[in-house]
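Notes follow the structure.
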Amino acid sequence: MQIFRMNESDSTMRRFFLFLVDATDGITPELAEANGQPQISINGAGFNNTGGLLVAIGNGAYYVALTQSEVSAKGFFLVRYKSANTAEFQSLGHVTGIELYRIGVGAS
């Protein structure tokens, strides 16, 4: 599960990470999904497209930068992604009102 601060203003802190694998064997990292469209269900509502598209990191790893409105309500959300090439991906996220510790920020 990935955890986000409610109303996070820093887009780099709103990155939701995905690892996508091939639909045929469920193991091989899928390398050609950049700009794919993930979906999000916030607190059990129906799925809608996320405000961002997939960004490739490499070796099957991607992220989607969620919008500030997608992390504006406390609770759970589910991100899913499926294309003709990939196995179904679903992962849970949580938005909290608690201040999250950030390494390198603030007094040392």
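Residue numbers start at 1 in each chain; chains themselves are named A, B, ... in the order of the structure tokens; ligands are numbered from 1 in the order shown.
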Exercise. Neighbours of A:Asn59 within 9 Å (only C-alpha atoms; same-chain residues fewer than 5 positions away dropped), as a PyMOL selection string?
Worked result: chain A and resi 19-20+29-31
Saved selection, atoms kept: N, CA, C and O atoms, as an mmCIF file, in the first residue's frame:
data_model
loop_
_atom_site.group_PDB
_atom_site.id
_atom_site.type_symbol
_atom_site.label_atom_id
_atom_site.label_comp_id
_atom_site.auth_asym_id
_atom_site.auth_seq_id
_atom_site.Cartn_x
_atom_site.Cartn_y
_atom_site.Cartn_z
ATOM 1 N N PHE A 19 4.142 -1.735 -11.077
ATOM 2 C CA PHE A 19 5.036 -2.661 -11.756
ATOM 3 C C PHE A 19 4.168 -3.507 -12.667
ATOM 4 O O PHE A 19 3.284 -4.234 -12.198
ATOM 5 N N LEU A 20 4.398 -3.399 -13.973
ATOM 6 C CA LEU A 20 3.541 -4.042 -14.961
ATOM 7 C C LEU A 20 4.255 -5.219 -15.610
ATOM 8 O O LEU A 20 5.419 -5.106 -16.008
ATOM 9 N N PRO A 29 8.658 -8.280 -17.330
ATOM 10 C CA PRO A 29 8.326 -6.855 -17.225
ATOM 11 C C PRO A 29 7.840 -6.302 -18.569
ATOM 12 O O PRO A 29 8.408 -6.613 -19.616
ATOM 13 N N GLU A 30 6.775 -5.533 -18.524
ATOM 14 C CA GLU A 30 6.222 -4.912 -19.733
ATOM 15 C C GLU A 30 6.879 -3.552 -19.916
ATOM 16 O O GLU A 30 6.861 -2.724 -19.016
ATOM 17 N N LEU A 31 7.462 -3.322 -21.099
ATOM 18 C CA LEU A 31 8.317 -2.150 -21.311
ATOM 19 C C LEU A 31 7.692 -1.038 -22.140
ATOM 20 O O LEU A 31 8.282 0.033 -22.249
#
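Atom pair atom CA of A:Ala32 / atom CA of A:Asn85 has a distance of 8.6 Å (rounded to one decimal).
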How close does stretch 29-65 of chain A get to stretch 6-17 of chain A? List, as JSON lines, each residue of stretch 29-65 of chain A within 7 Å, its nearest atom pair and the distance in Å to one decimal, counting only C-alpha atoms.
{"residue": "A:Tyr62", "atom": "CA", "partner": "A:Phe17", "partner_atom": "CA", "distance": 5.8}
{"residue": "A:Tyr63", "atom": "CA", "partner": "A:Phe17", "partner_atom": "CA", "distance": 4.3}
{"residue": "A:Val64", "atom": "CA", "partner": "A:Phe16", "partner_atom": "CA", "distance": 5.3}
{"residue": "A:Ala65", "atom": "CA", "partner": "A:Arg15", "partner_atom": "CA", "distance": 4.4}
Once you have the residues from the selection above, write them out as a PDB file, in the first residue's frame, restricted to N, CA, C and O atoms.
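Result file follows (again-v3.pdb):
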ATOM      1  N   TYR A  62       6.711   1.856 -13.471  1.00  0.00           N
ATOM      2  CA  TYR A  62       6.079   3.088 -13.954  1.00  0.00           C
ATOM      3  C   TYR A  62       5.551   3.860 -12.755  1.00  0.00           C
ATOM      4  O   TYR A  62       5.454   3.328 -11.654  1.00  0.00           O
ATOM      5  N   TYR A  63       5.158   5.106 -12.996  1.00  0.00           N
ATOM      6  CA  TYR A  63       4.382   5.839 -11.998  1.00  0.00           C
ATOM      7  C   TYR A  63       3.366   6.703 -12.710  1.00  0.00           C
ATOM      8  O   TYR A  63       3.511   7.018 -13.894  1.00  0.00           O
ATOM      9  N   VAL A  64       2.317   7.042 -11.990  1.00  0.00           N
ATOM     10  CA  VAL A  64       1.350   8.024 -12.432  1.00  0.00           C
ATOM     11  C   VAL A  64       1.320   9.098 -11.356  1.00  0.00           C
ATOM     12  O   VAL A  64       1.239   8.790 -10.161  1.00  0.00           O
ATOM     13  N   ALA A  65       1.449  10.357 -11.750  1.00  0.00           N
ATOM     14  CA  ALA A  65       1.354  11.468 -10.803  1.00  0.00           C
ATOM     15  C   ALA A  65      -0.130  11.764 -10.591  1.00  0.00           C
ATOM     16  O   ALA A  65      -0.809  12.242 -11.497  1.00  0.00           O
TER      17      ALA A  65
END
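Considering only C-alpha atoms, the residue among A:Thr28, A:Gln37, A:Thr96, A:Asn43 positioned nearest to A:Leu78 is A:Asn43.
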Exercise. Near A:Gly75, within 12 Å and counting only C-alpha atoms, which residues show up once chain neighbours fewer than 6 positions away are dropped, as a list in words?
Worked result: Gln2, Ile3, Phe4, Arg5, Met6, Ser41, Ile42, Asn43, Gly44, Ala45, Leu92, Gly93, His94, Val95, Thr96, Gly97 and Ile98 of chain A
Give me a file of those residues, with N, CA and C atoms, as a JSON list (two decimals), in the first residue's frame.
[["chain", "number", "residue", "atom", "x", "y", "z"],
["A", 2, "GLN", "N", 0.49, 2.22, -0.78],
["A", 2, "GLN", "CA", 1.21, 3.48, -0.83],
["A", 2, "GLN", "C", 0.40, 4.53, -0.06],
["A", 3, "ILE", "N", 1.11, 5.37, 0.68],
["A", 3, "ILE", "CA", 0.46, 6.34, 1.58],
["A", 3, "ILE", "C", 0.75, 7.75, 1.09],
["A", 4, "PHE", "N", -0.29, 8.59, 1.12],
["A", 4, "PHE", "CA", -0.19, 9.97, 0.65],
["A", 4, "PHE", "C", -0.77, 10.92, 1.69],
["A", 5, "ARG", "N", -0.21, 12.09, 1.75],
["A", 5, "ARG", "CA", -0.72, 13.15, 2.62],
["A", 5, "ARG", "C", -1.89, 13.84, 1.93],
["A", 6, "MET", "N", -2.96, 14.07, 2.66],
["A", 6, "MET", "CA", -4.13, 14.74, 2.11],
["A", 6, "MET", "C", -3.74, 16.11, 1.55],
["A", 41, "SER", "N", -10.27, 4.41, -8.21],
["A", 41, "SER", "CA", -11.52, 4.36, -7.47],
["A", 41, "SER", "C", -11.23, 4.96, -6.09],
["A", 42, "ILE", "N", -11.89, 6.06, -5.76],
["A", 42, "ILE", "CA", -11.65, 6.75, -4.50],
["A", 42, "ILE", "C", -12.74, 6.38, -3.50],
["A", 43, "ASN", "N", -12.32, 5.80, -2.37],
["A", 43, "ASN", "CA", -13.23, 5.40, -1.30],
["A", 43, "ASN", "C", -14.40, 4.56, -1.80],
["A", 44, "GLY", "N", -14.10, 3.64, -2.72],
["A", 44, "GLY", "CA", -15.11, 2.70, -3.18],
["A", 44, "GLY", "C", -16.02, 3.18, -4.28],
["A", 45, "ALA", "N", -15.81, 4.39, -4.79],
["A", 45, "ALA", "CA", -16.61, 4.88, -5.91],
["A", 45, "ALA", "C", -16.19, 4.14, -7.18],
["A", 92, "LEU", "N", -3.60, -0.80, -3.75],
["A", 92, "LEU", "CA", -4.29, 0.06, -2.81],
["A", 92, "LEU", "C", -3.43, 1.23, -2.39],
["A", 93, "GLY", "N", -4.05, 2.38, -2.23],
["A", 93, "GLY", "CA", -3.40, 3.56, -1.68],
["A", 93, "GLY", "C", -4.22, 4.09, -0.52],
["A", 94, "HIS", "N", -3.60, 4.92, 0.30],
["A", 94, "HIS", "CA", -4.29, 5.51, 1.45],
["A", 94, "HIS", "C", -3.91, 6.98, 1.56],
["A", 95, "VAL", "N", -4.93, 7.81, 1.77],
["A", 95, "VAL", "CA", -4.72, 9.24, 2.00],
["A", 95, "VAL", "C", -4.95, 9.50, 3.47],
["A", 96, "THR", "N", -3.97, 10.14, 4.10],
["A", 96, "THR", "CA", -4.05, 10.41, 5.53],
["A", 96, "THR", "C", -3.93, 11.91, 5.79],
["A", 97, "GLY", "N", -4.55, 12.35, 6.87],
["A", 97, "GLY", "CA", -4.43, 13.74, 7.28],
["A", 97, "GLY", "C", -3.23, 13.96, 8.18],
["A", 98, "ILE", "N", -2.52, 12.88, 8.51],
["A", 98, "ILE", "CA", -1.34, 12.97, 9.38],
["A", 98, "ILE", "C", -0.15, 13.44, 8.56]]
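Comparing A:Lys82, A:Ala34, A:Gln90, A:Gly60 by their smallest distance to A:Val21, the closest is A:Gly60 (using only C-alpha atoms).
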Problem set entry | Which of chain A DSSP labels strand (DSSP E), written as number ranges by chain | A: 2-5, 15-19, 39-42, 48-49, 55-58, 61-65, 75-81, 89-96
Seminar exercise, completed: Separating atom CA of A:Asp22 from atom CA of A:Phe47, to the nearest tenth of an Å, is a gap of 22.6 Å
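What separates atom CA of A:Gly26 from atom CA of A:Ala87 is a distance of 6.2 Å.
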